[in-house]
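Asks: For reference, this is run.txt, and it has compact mmCIF, C-alpha atoms.
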# COMPACT_ATOMS: atom_id res chain seq x y z
CA MET A 1 96.40 109.37 105.55
CA SER A 2 93.10 109.28 103.78
CA SER A 3 92.23 109.23 100.12
CA PRO A 4 89.46 111.49 98.77
CA SER A 5 86.25 111.13 100.74
CA HIS A 6 83.31 109.24 99.27
CA VAL A 7 80.78 111.50 101.02
CA ALA A 8 78.16 113.02 98.72
CA ASP A 9 78.72 116.51 97.31
CA THR A 10 75.88 117.96 99.39
CA PRO A 11 76.27 121.75 99.66
CA ILE A 12 76.81 123.13 103.15
CA THR A 13 74.17 125.77 103.71
CA GLN A 14 74.29 126.03 107.50
CA ARG A 15 76.74 125.32 110.30
CA SER A 16 74.43 122.77 111.88
CA GLN A 17 75.28 120.35 109.07
CA LEU A 18 78.85 120.18 110.36
CA VAL A 19 77.64 119.23 113.82
CA GLU A 20 75.17 116.73 112.37
CA THR A 21 78.00 115.03 110.48
CA LEU A 22 79.66 114.14 113.78
CA ALA A 23 76.38 113.25 115.49
CA SER A 24 75.46 110.93 112.62
CA GLY A 25 78.15 108.55 113.89
CA GLU A 26 76.03 107.64 116.93
CA LYS A 27 75.16 103.93 117.00
CA PRO A 28 73.41 101.62 119.45
CA GLU A 29 75.79 99.35 121.30
CA ALA A 30 74.77 96.33 119.22
CA ALA A 31 76.06 98.14 116.13
CA TRP A 32 79.45 99.15 117.55
CA ARG A 33 82.33 97.92 115.44
CA ILE A 34 86.12 97.83 115.51
CA GLY A 35 88.18 99.29 112.65
CA THR A 36 91.92 98.68 112.81
CA GLU A 37 94.49 100.45 110.65
CA HIS A 38 98.19 99.78 110.43
CA GLU A 39 101.13 101.00 108.38
CA LYS A 40 104.41 99.27 107.57
CA PHE A 41 107.70 100.10 105.88
CA GLY A 42 108.59 98.38 102.64
CA PHE A 43 112.21 97.58 101.85
CA ARG A 44 114.02 95.89 98.99
CA LEU A 45 115.51 92.64 100.18
CA ASP A 46 118.81 93.12 98.35
CA ASP A 47 119.78 96.60 99.58
CA LEU A 48 117.14 97.39 102.26
CA ARG A 49 116.18 100.62 100.50
CA PRO A 50 112.54 101.70 100.39
CA PRO A 51 111.00 100.79 97.03
CA ALA A 52 110.07 103.56 94.62
CA PHE A 53 106.52 103.94 93.40
CA ASP A 54 107.11 102.87 89.82
CA GLY A 55 109.22 100.20 88.19
CA GLU A 56 109.09 96.42 88.09
CA ARG A 57 109.76 96.22 91.84
CA GLY A 58 107.83 99.31 92.84
CA ILE A 59 104.90 99.96 95.12
CA GLU A 60 102.48 100.30 92.22
CA ALA A 61 103.52 96.84 91.01
CA LEU A 62 102.76 95.52 94.51
CA LEU A 63 99.31 97.11 94.49
CA LYS A 64 98.55 95.70 91.07
CA GLY A 65 99.73 92.29 92.24
CA LEU A 66 97.33 92.38 95.17
CA THR A 67 94.37 92.65 92.77
CA ARG A 68 94.66 88.88 92.29
CA PHE A 69 93.00 88.61 95.72
CA GLY A 70 89.90 90.51 94.68
CA TRP A 71 91.04 94.04 95.50
CA THR A 72 89.71 96.79 93.21
CA PRO A 73 92.29 99.37 92.13
CA VAL A 74 91.79 103.09 92.77
CA GLU A 75 93.57 105.45 90.39
CA GLU A 76 94.76 109.02 90.59
CA GLY A 77 96.45 110.68 87.64
CA GLY A 78 96.64 107.36 85.81
CA HIS A 79 98.43 105.62 88.70
CA VAL A 80 97.07 102.91 90.99
CA ILE A 81 97.37 104.54 94.41
CA ALA A 82 94.95 102.45 96.53
CA LEU A 83 92.80 99.31 96.63
CA THR A 84 89.35 98.56 98.01
CA ARG A 85 87.61 95.32 98.94
CA GLY A 86 84.42 95.14 100.92
CA GLY A 87 84.71 97.59 103.77
CA ALA A 88 88.52 97.60 103.75
CA SER A 89 91.15 99.49 101.78
CA VAL A 90 94.88 99.42 101.14
CA THR A 91 96.39 102.88 100.82
CA LEU A 92 99.80 104.53 100.62
CA GLU A 93 101.44 106.90 103.05
CA PRO A 94 103.63 109.61 101.49
CA ALA A 95 106.83 107.53 101.19
CA GLY A 96 105.08 104.32 100.20
CA GLN A 97 104.36 102.97 103.68
CA LEU A 98 101.62 100.42 103.01
CA GLU A 99 98.47 100.85 105.09
CA LEU A 100 95.60 98.46 105.67
CA SER A 101 92.43 100.25 106.73
CA GLY A 102 90.42 97.32 107.98
CA ALA A 103 86.70 96.74 107.65
CA PRO A 104 84.41 97.47 110.62
CA LEU A 105 84.42 94.17 112.50
CA GLU A 106 82.58 92.78 115.53
CA ASP A 107 85.46 91.47 117.63
CA ILE A 108 89.24 91.25 117.91
CA HIS A 109 89.27 87.63 116.74
CA GLN A 110 87.96 88.86 113.39
CA THR A 111 90.48 91.70 113.43
CA CYS A 112 93.37 89.27 113.83
CA ILE A 113 92.07 87.08 111.03
CA GLU A 114 91.81 90.12 108.77
CA LEU A 115 95.34 91.25 109.66
CA GLY A 116 96.78 87.78 109.11
CA SER A 117 95.06 87.43 105.76
CA HIS A 118 96.31 90.84 104.62
CA LEU A 119 99.91 90.12 105.63
CA ARG A 120 99.83 86.74 103.86
CA GLU A 121 98.55 88.37 100.67
CA VAL A 122 101.18 91.09 100.83
CA ARG A 123 103.91 88.53 101.51
CA GLU A 124 102.87 86.40 98.53
CA VAL A 125 103.10 89.34 96.13
CA ALA A 126 106.11 91.02 97.78
CA ASP A 127 108.19 87.84 97.64
CA THR A 128 107.97 87.85 93.83
CA LEU A 129 109.17 91.46 93.80
CA GLY A 130 112.03 91.01 96.27
CA ILE A 131 110.35 93.27 98.83
CA GLY A 132 109.98 92.83 102.58
CA PHE A 133 107.97 94.76 105.19
CA LEU A 134 108.91 95.96 108.65
CA GLY A 135 106.64 97.05 111.49
CA MET A 136 108.18 99.84 113.60
CA GLY A 137 107.28 103.39 114.53
CA PHE A 138 110.12 105.12 112.66
CA GLN A 139 112.31 104.25 109.70
CA PRO A 140 115.46 102.92 111.45
CA LYS A 141 118.05 103.36 108.69
CA TRP A 142 117.30 105.76 105.87
CA ARG A 143 117.49 109.54 105.75
CA ARG A 144 114.56 111.74 104.83
CA GLU A 145 116.32 112.40 101.50
CA ASP A 146 116.41 108.66 100.78
CA MET A 147 112.64 108.25 101.02
CA PRO A 148 110.56 108.20 97.82
CA TRP A 149 107.38 110.24 97.36
CA MET A 150 104.12 108.77 96.14
CA PRO A 151 102.28 110.54 93.28
CA LYS A 152 99.29 111.74 95.30
CA GLY A 153 98.06 115.30 94.98
CA ARG A 154 97.41 115.88 98.67
CA TYR A 155 100.96 114.82 99.53
CA ARG A 156 102.43 117.33 97.10
CA ILE A 157 100.53 120.10 98.90
CA MET A 158 101.42 118.86 102.38
CA ARG A 159 105.08 118.44 101.42
CA ALA A 160 105.30 122.12 100.49
CA TYR A 161 103.38 123.31 103.57
CA MET A 162 104.89 121.22 106.36
CA PRO A 163 108.27 123.02 106.61
CA LYS A 164 106.42 126.31 107.13
CA VAL A 165 104.80 125.18 110.39
CA GLY A 166 107.21 122.68 112.01
CA ASN A 167 110.60 121.04 111.75
CA LEU A 168 109.58 117.39 111.68
CA GLY A 169 106.46 117.30 109.52
CA LEU A 170 108.27 115.78 106.56
CA ASP A 171 109.63 113.07 108.83
CA MET A 172 106.10 112.40 110.03
CA MET A 173 105.01 111.97 106.44
CA THR A 174 107.88 109.86 105.14
CA ARG A 175 109.46 108.02 108.06
CA THR A 176 106.72 107.06 110.55
CA CYS A 177 104.28 104.16 110.86
CA THR A 178 101.45 103.65 113.33
CA VAL A 179 98.68 101.28 114.30
CA GLN A 180 95.36 102.76 115.33
CA VAL A 181 91.84 101.65 116.11
CA ASN A 182 88.57 103.38 115.31
CA LEU A 183 85.71 102.90 117.77
CA ASP A 184 82.05 103.92 117.98
CA PHE A 185 79.95 105.84 120.48
CA ALA A 186 76.25 105.73 121.36
CA SER A 187 75.54 109.39 122.10
CA GLU A 188 77.19 112.74 122.58
CA ALA A 189 77.67 112.02 126.30
CA ASP A 190 79.18 108.62 125.50
CA MET A 191 81.50 110.22 122.96
CA VAL A 192 82.66 112.82 125.48
CA LYS A 193 83.44 110.23 128.16
CA LYS A 194 85.31 107.98 125.72
CA PHE A 195 87.18 110.93 124.25
CA ARG A 196 88.35 112.08 127.67
CA VAL A 197 89.40 108.61 128.83
CA SER A 198 91.24 107.78 125.62
CA LEU A 199 92.98 111.15 125.43
CA ALA A 200 94.18 110.93 129.04
CA LEU A 201 95.42 107.35 128.56
CA GLN A 202 96.88 107.80 125.09
CA PRO A 203 100.40 108.22 126.58
CA VAL A 204 100.01 104.77 128.16
CA ALA A 205 99.42 103.28 124.70
CA THR A 206 102.41 105.23 123.40
CA ALA A 207 104.58 103.78 126.17
CA LEU A 208 103.41 100.18 125.74
CA PHE A 209 103.90 100.31 121.95
CA ALA A 210 107.14 102.36 121.97
CA ASP A 211 109.20 100.99 119.09
CA SER A 212 111.12 103.76 117.33
CA PRO A 213 114.53 104.13 119.00
CA PHE A 214 116.70 104.48 115.88
CA THR A 215 117.34 107.28 113.39
CA GLU A 216 119.64 106.77 110.42
CA GLY A 217 121.18 103.67 111.93
CA ARG A 218 121.89 104.99 115.42
CA PRO A 219 119.97 105.31 118.71
CA ASN A 220 118.10 108.62 118.76
CA GLY A 221 117.63 109.01 122.52
CA PHE A 222 113.92 108.24 122.36
CA LEU A 223 111.87 105.08 122.78
CA SER A 224 109.00 106.42 120.66
CA TYR A 225 110.60 108.92 118.34
CA ARG A 226 107.46 108.73 116.21
CA SER A 227 105.49 110.18 119.10
CA HIS A 228 108.07 112.93 119.62
CA ILE A 229 107.83 113.90 115.95
CA TRP A 230 104.21 114.93 116.41
CA THR A 231 105.31 117.58 118.92
CA ASP A 232 107.11 119.49 116.15
CA THR A 233 104.90 118.83 113.12
CA ASP A 234 102.14 121.46 113.14
CA PRO A 235 100.81 122.94 116.40
CA ASP A 236 97.58 124.03 114.70
CA ARG A 237 96.44 120.44 114.14
CA THR A 238 98.18 118.25 116.75
CA GLY A 239 98.26 117.79 120.51
CA MET A 240 96.22 116.86 123.56
CA LEU A 241 93.14 119.09 122.97
CA ASP A 242 92.72 120.51 126.47
CA PHE A 243 89.25 121.80 125.60
CA VAL A 244 87.96 118.20 125.52
CA PHE A 245 88.13 118.22 129.34
CA GLU A 246 86.28 121.52 129.73
CA ASP A 247 82.67 121.71 130.87
CA GLY A 248 80.25 121.79 127.95
CA PHE A 249 82.50 119.95 125.51
CA GLY A 250 80.61 118.20 122.71
CA TYR A 251 80.13 118.12 118.97
CA GLU A 252 79.77 121.91 118.72
CA ARG A 253 83.07 122.58 120.41
CA TYR A 254 84.90 120.05 118.23
CA VAL A 255 83.45 121.70 115.12
CA ASP A 256 84.84 125.02 116.36
CA TYR A 257 88.25 123.37 116.71
CA LEU A 258 88.11 121.91 113.20
CA LEU A 259 87.07 125.24 111.72
CA ASP A 260 90.23 126.74 113.21
CA VAL A 261 92.48 124.02 111.76
CA PRO A 262 94.07 125.50 108.61
CA MET A 263 93.11 123.79 105.38
CA TYR A 264 95.42 121.84 103.08
CA PHE A 265 93.41 121.38 99.88
CA VAL A 266 90.07 121.30 98.12
CA TYR A 267 89.41 118.31 95.88
CA ARG A 268 87.43 119.14 92.73
CA ASP A 269 86.95 117.00 89.61
CA GLY A 270 89.96 114.81 90.34
CA VAL A 271 92.27 117.73 91.12
CA TYR A 272 93.71 118.79 94.50
CA HIS A 273 93.66 122.59 94.73
CA ASP A 274 96.31 124.01 97.07
CA VAL A 275 94.67 126.16 99.76
CA ALA A 276 97.22 125.34 102.47
CA GLY A 277 96.96 127.61 105.48
CA GLN A 278 93.61 129.06 104.45
CA SER A 279 90.43 129.03 106.55
CA PHE A 280 87.42 126.74 106.29
CA ARG A 281 85.43 129.57 107.87
CA ASP A 282 86.24 131.69 104.81
CA PHE A 283 85.32 128.73 102.60
CA LEU A 284 81.86 128.64 104.21
CA GLU A 285 81.38 132.26 103.15
CA GLY A 286 82.71 131.81 99.62
CA ARG A 287 85.81 133.86 100.42
CA LEU A 288 88.51 131.22 100.08
CA PRO A 289 91.49 132.93 98.38
CA GLY A 290 92.51 129.73 96.62
CA LEU A 291 89.04 129.18 95.10
CA PRO A 292 87.21 132.52 95.02
CA GLY A 293 83.45 132.15 95.11
CA ALA A 294 83.50 128.38 95.67
CA LEU A 295 81.35 127.00 98.47
CA PRO A 296 82.09 123.80 100.42
CA THR A 297 80.22 120.52 100.36
CA LEU A 298 79.97 117.82 102.98
CA ARG A 299 82.68 115.95 101.09
CA ASP A 300 85.00 118.92 101.58
CA TRP A 301 84.18 118.85 105.29
CA ALA A 302 84.84 115.11 105.48
CA ASP A 303 88.20 115.67 103.75
CA HIS A 304 89.03 118.53 106.11
CA MET A 305 88.31 116.42 109.19
CA THR A 306 91.08 114.03 108.10
CA THR A 307 93.67 116.83 108.17
CA ALA A 308 93.54 117.32 111.94
CA PHE A 309 96.07 115.10 113.74
CA PRO A 310 95.43 115.21 117.50
CA GLU A 311 96.28 112.30 119.79
CA VAL A 312 92.63 111.22 119.55
CA ARG A 313 90.58 112.30 116.54
CA LEU A 314 86.82 112.57 116.27
CA LYS A 315 85.08 111.90 112.99
CA LYS A 316 81.96 109.71 112.93
CA TYR A 317 83.94 107.57 115.35
CA LEU A 318 86.92 108.05 117.65
CA GLU A 319 90.42 107.26 116.39
CA MET A 320 93.18 106.23 118.83
CA ARG A 321 96.38 107.63 117.32
CA GLY A 322 99.15 107.20 119.91
CA ALA A 323 100.85 103.89 119.08
CA ASP A 324 103.94 102.98 117.08
CA GLY A 325 103.60 100.33 114.40
CA GLY A 326 104.82 96.86 115.24
CA PRO A 327 104.60 93.11 114.55
CA TRP A 328 101.43 91.11 113.98
CA ASN A 329 100.56 90.31 117.60
CA ARG A 330 100.85 93.95 118.71
CA LEU A 331 98.59 95.00 115.85
CA CYS A 332 95.89 92.86 117.47
CA ALA A 333 96.77 94.12 120.96
CA LEU A 334 96.06 97.78 120.20
CA PRO A 335 92.35 97.34 119.40
CA ALA A 336 92.03 94.89 122.29
CA PHE A 337 93.42 97.46 124.73
CA TRP A 338 90.99 100.18 123.71
CA VAL A 339 87.94 97.96 123.18
CA GLY A 340 88.40 96.57 126.67
CA LEU A 341 88.50 100.09 128.12
CA LEU A 342 85.77 101.74 126.07
CA TYR A 343 83.23 99.10 124.99
CA ASP A 344 82.28 97.87 128.47
CA ASP A 345 80.40 100.24 130.80
CA ALA A 346 82.07 99.06 133.99
CA ALA A 347 85.52 99.31 132.40
CA LEU A 348 84.79 102.77 131.02
CA ASP A 349 83.68 103.91 134.48
CA ALA A 350 86.82 102.43 136.06
CA ALA A 351 89.03 104.02 133.42
CA TRP A 352 87.37 107.38 133.99
CA ASP A 353 87.92 107.02 137.74
CA LEU A 354 91.59 106.37 136.96
CA VAL A 355 92.10 109.59 134.98
CA LYS A 356 89.37 112.05 135.97
CA ASP A 357 91.54 113.96 138.45
CA PHE A 358 94.56 114.27 136.15
CA SER A 359 95.41 117.93 135.85
CA MET A 360 96.13 119.53 132.50
CA GLU A 361 99.76 119.81 133.56
CA GLU A 362 99.90 116.09 134.36
CA ARG A 363 98.33 115.14 131.04
CA HIS A 364 100.90 117.22 129.20
CA ALA A 365 103.75 115.87 131.30
CA LEU A 366 102.70 112.35 130.33
CA ARG A 367 102.40 113.26 126.67
CA ASP A 368 105.75 115.07 126.57
CA GLY A 369 107.73 112.61 128.71
CA VAL A 370 106.59 109.24 127.37
CA PRO A 371 108.35 109.48 123.97
CA ARG A 372 111.71 109.49 125.71
CA HIS A 373 111.06 107.47 128.87
CA ALA A 374 107.99 105.33 128.09
CA LEU A 375 107.05 103.04 131.01
CA LYS A 376 109.81 104.42 133.23
CA LEU A 377 108.51 108.02 133.20
CA PRO A 378 107.85 109.13 136.80
CA PHE A 379 104.20 109.82 137.58
CA ARG A 380 102.54 110.51 140.93
CA GLY A 381 105.16 108.89 143.08
CA ALA A 382 105.44 105.85 140.80
CA THR A 383 105.91 105.50 137.04
CA VAL A 384 103.84 105.10 133.91
CA ARG A 385 104.40 101.37 134.29
CA GLU A 386 102.02 101.26 137.28
CA LEU A 387 99.46 103.31 135.38
CA ALA A 388 99.77 100.95 132.42
CA ILE A 389 99.34 97.86 134.61
CA GLU A 390 96.14 99.30 136.09
CA ALA A 391 94.80 100.25 132.65
CA LEU A 392 95.58 96.76 131.35
CA LYS A 393 93.72 95.19 134.29
CA ILE A 394 90.67 97.33 133.55
CA SER A 395 90.87 96.50 129.85
CA ALA A 396 91.23 92.76 130.47
CA ALA A 397 88.21 92.75 132.77
CA GLY A 398 86.20 94.63 130.15
CA LEU A 399 87.14 92.14 127.46
CA ARG A 400 86.24 89.21 129.69
CA ARG A 401 82.84 90.74 130.40
CA ARG A 402 82.30 91.23 126.65
CA ALA A 403 82.76 87.46 126.41
CA ARG A 404 83.42 87.44 122.67
CA CYS A 405 85.02 84.01 122.32
CA ASN A 406 86.64 82.18 119.43
CA ALA A 407 85.85 78.58 118.43
CA ASP A 408 88.05 77.35 121.28
CA GLY A 409 86.14 79.39 123.86
CA ILE A 410 88.99 81.91 124.39
CA ASP A 411 87.92 85.52 124.92
CA GLU A 412 89.56 88.68 123.55
CA SER A 413 91.67 89.34 126.64
CA ARG A 414 94.28 86.94 125.22
CA PHE A 415 95.33 89.65 122.79
CA LEU A 416 96.59 91.82 125.66
CA GLU A 417 99.27 89.28 126.56
CA PRO A 418 102.22 91.00 124.81
CA LEU A 419 101.32 94.31 126.48
CA VAL A 420 101.01 92.71 129.90
CA GLU A 421 104.40 91.12 129.39
CA PHE A 422 106.01 94.48 128.47
CA ALA A 423 104.45 96.16 131.51
CA GLU A 424 105.41 93.44 133.95
CA ALA A 425 108.98 93.35 132.61
CA ASN A 426 109.08 97.17 132.56
CA GLU A 427 110.71 96.93 129.14
CA THR A 428 109.36 98.27 125.87
CA PRO A 429 109.94 96.84 122.38
CA ALA A 430 112.28 99.78 121.77
CA GLU A 431 114.43 98.90 124.77
CA ARG A 432 114.68 95.31 123.61
CA LYS A 433 115.86 96.41 120.18
CA LEU A 434 118.39 98.75 121.76
CA ALA A 435 119.77 95.84 123.81
CA LEU A 436 120.17 93.82 120.61
CA PHE A 437 121.80 96.77 118.84
CA HIS A 438 124.38 97.25 121.60
CA GLY A 439 124.82 93.50 122.09
CA PRO A 440 124.48 90.73 119.48
CA TRP A 441 124.03 93.12 116.54
CA ASN A 442 127.29 94.98 117.30
CA GLY A 443 125.76 98.24 116.15
CA ASP A 444 124.55 96.87 112.81
CA ILE A 445 121.08 98.35 112.18
CA ASP A 446 120.61 96.15 109.10
CA ARG A 447 119.89 93.28 111.46
CA VAL A 448 116.52 94.81 112.36
CA PHE A 449 115.27 94.29 108.80
CA ARG A 450 116.22 90.63 108.80
CA GLU A 451 115.05 89.75 112.29
CA PHE A 452 111.86 91.78 112.58
CA ALA A 453 110.37 91.69 109.07
CA TYR A 454 106.80 90.39 108.74
Step by step, read the file and then write its structure as structure tokens.

Replies:
Amino acid sequence: MSSPSHVADTPITQRSQLVETLASGEKPEAAWRIGTEHEKFGFRLDDLRPPAFDGERGIEALLKGLTRFGWTPVEEGGHVIALTRGGASVTLEPAGQLELSGAPLEDIHQTCIELGSHLREVREVADTLGIGFLGMGFQPKWRREDMPWMPKGRYRIMRAYMPKVGNLGLDMMTRTCTVQVNLDFASEADMVKKFRVSLALQPVATALFADSPFTEGRPNGFLSYRSHIWTDTDPDRTGMLDFVFEDGFGYERYVDYLLDVPMYFVYRDGVYHDVAGQSFRDFLEGRLPGLPGALPTLRDWADHMTTAFPEVRLKKYLEMRGADGGPWNRLCALPAFWVGLLYDDAALDAAWDLVKDFSMEERHALRDGVPRHALKLPFRGATVRELAIEALKISAAGLRRRARCNADGIDESRFLEPLVEFAEANETPAERKLALFHGPWNGDIDRVFREFAY
């Protein structure tokens, strides 16, 4: 989840500015970049508990330790709550899940280098604090009550609001981790096509990356419980956005959607003002109950855009939001999958041909069924596995045509290898962990921390 926006405090005087904010993301193909974000669970090596924010072995101590690598601290309320370096940042999710928001990079080779460098830096500091990190979609051992809360104003507001609109919002905040990729578009038409393709195929990414089968030390009946959690978090700001597939969809229609997403907060002079559930439309007219007479700025709009949580999110780029967190090689595989599908014209056309006749009911059946069944979910006389294999073939061909090679002449399609292996074996990471749990681990969930830590 984002920190306060760095957009200028330009007053919003007309609705067209909201549309122009989205349109300003348009870039020529030569300027398209890849931004990868991933979250991970911290745990104390001695007792496996999540570290608190403060204290000698806390998350703030970890952030301060990372400054030795040239990261600049960001403070809120006298606490270090984030770091910045170049175009990248390290931020905190509500329960201290550590997130790298990577810089906009040109290819997946650079992405993997960035990820590896970040994990080495974190490991060097974490080792001195007796902390480890785990990549999965859902906290496998600890209860919601066991999770700490980070001292960030927006999280205080969300924590109070979430139980009013869903049953699992607090779990989303404190016990989930994801990997996502942010990708560019050239025009409104290009954005629409990429949005539709990525939204229709988001359940395929969820299936391939499914890695959250445990809750409080026991199997939970799901393969991606993280994905299921989003179905009972807040219906006003989550879901498959059926309107994206309607004729005439574009920036204007997405602005209408965002204006109907209830607000969380307004950030003014270092303070988060609680306006949870109130309307940005009222804000535009100076009638916001929580801040009477106040008018919004483009920074407020940028902040508000981050509070919508659909399966694919539009800002000045498109965010793919369907995947569980995981180990290093899958962190590289997620951007590779989507870059191969969306950054090559022939691949984008082939992907659109694959999904263009999906009905709304089929899209929802995929979204609702994949969290429990993943690759084995029945679909059109076959299963999601066959759909995933076809999508992976299209992606691989797109990456080969991009021909972005490393020093050894190897193109980006190599990063799809773990996903291809899952699809061919018809076995997700979650299913492999379940087999270990019921077999060699003898039901001991603590083994996951030792065997799957970064």

Asks: When distances are computed from only C-alpha atoms, which of A:Glu39, A:Glu412, A:Asp300, A:Asp146 shows the smallest separation from Trp338 (chain A)?

Replies: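 So, comparing all the options, the nearest one is A:Glu412.
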
Asks: Neighbouring residues of region 179-181 of chain A were defined as those with any atom within 9 Å, considering all atoms listed in the file; residues of the same chain fewer than 2 positions away were excluded. Please report them as a list in words.

Replies: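 Near neighbours after the sequence-gap exclusion: Ile34, Gly35, Thr36, Glu37, His38, Glu39, Gly137, Cys177, Leu183, Leu318, Glu319, Met320, Arg321, Gly322, Ala323, Asp324, Gly325, Gly326, Arg330, Leu331, Leu334, Pro335, Trp338 and Val339 of chain A.
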
Asks: Please list, as number ranges by chain, the residues that have an atom at most 6 Å away from (87.7, 114.0, 132.0) in the coordinates of this file, counting all atoms listed in the file.

Replies: A: 196, 245, 356

Asks: For the selection you just gave me, I'd like the residues written to a file as an mmCIF file, in the coordinates of the input, keeping C-alpha atoms.

Replies:
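So part_35.cif came out as:
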data_model
loop_
_atom_site.group_PDB
_atom_site.id
_atom_site.type_symbol
_atom_site.label_atom_id
_atom_site.label_comp_id
_atom_site.auth_asym_id
_atom_site.auth_seq_id
_atom_site.Cartn_x
_atom_site.Cartn_y
_atom_site.Cartn_z
ATOM 1 C CA ARG A 196 88.350 112.080 127.670
ATOM 2 C CA PHE A 245 88.130 118.220 129.340
ATOM 3 C CA LYS A 356 89.370 112.050 135.970
#

Asks: Taking 6 positions as the minimum chain separation for residues in the same chain, which residues sit within 9 Å of Gly239 (chain A) when counting all atoms listed in the file? Answer as a PyMOL selection string.

Replies: chain A and resi 230-231+309-312+367

Asks: Taking all atoms listed in the file into account, which of A:Arg85, A:Ala336, A:Phe265, A:Val370 comes nearest Asp411 (chain A)?

Replies: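 Comparing A:Arg85, A:Ala336, A:Phe265, A:Val370 against Asp411 (chain A), the winner is A:Ala336.
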
Asks: Using all atoms listed in the file, find the one residue out of A:Leu341, A:Val125, A:Ala453, A:Met191 that sits nearest to Arg402 (chain A).

Replies: A:Leu341

Asks: Compare A:Pro140, A:Gly116, A:Gly270, A:Pro296 by their minimum atom-to-atom distance to Gly217 (chain A), counting all atoms listed in the file, and give me the closest one.

Replies: A:Pro140

Asks: What's around Arg120 (chain A) at 12 Å? Count all atoms listed in the file, leave out sequence neighbours fewer than 5 positions away in its own chain, and write the answer as a list in words.

Replies: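 Residues near the query, excluding close chain neighbours: Leu66, Phe69, Ile113, Glu114, Leu115, Val125, Ala126, Asp127, Gly132, Phe133, Trp328 and Tyr454 of chain A.
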
Asks: At a cut-off of 12 Å, using only C-alpha atoms, what residues contact Thr206 (chain A)? Leave out same-chain residues fewer than 2 positions from it and give the result as a ChimeraX atom specification.

Replies: /A:137,178-180,198-204,208-212,222-228,311,320-326,334,337,366-375,377,384-385,388,419,428-430

Asks: For Ala302 (chain A), which residue out of A:Leu434, A:Leu314, A:Leu399, A:Val448 is the nearest one, using only C-alpha atoms?

Replies: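 Smallest distance to Ala302 (chain A) is found for A:Leu314.
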
Asks: So the first atom is CA of Leu259 (chain A) and the second is CA of Met173 (chain A); what is the distance between them in Å, to one decimal place?

Replies: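 Atom-to-atom, CA of Leu259 (chain A) and CA of Met173 (chain A) are spaced 22.9 Å apart.
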
Asks: For Pro213 (chain A), which residue among A:Gln139, A:Asn182, A:Ser101, A:Asn167 is the nearest when counting only C-alpha atoms?

Replies: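 For Pro213 (chain A), the nearest of the given residues is A:Gln139.
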
Asks: List as a PyMOL selection string the protein and nucleic acid residues near Gly250 (chain A), meaning an atom at most 12 Å away when only C-alpha atoms are counted, but skip any in the same chain fewer than 5 places from it.

Replies: chain A and resi 19-20+22-23+187-196+243-245+255-257+314

Asks: Quick one: distance from CA of Arg237 (chain A) to CA of Met158 (chain A) in Å, one decimal?

Replies: 12.9 Å

Asks: Quick check, in Å to one decimal: how far apart do CA of Ile12 (chain A) and CA of Asp236 (chain A) lie?

Replies: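 These atoms are spaced 23.8 Å apart.
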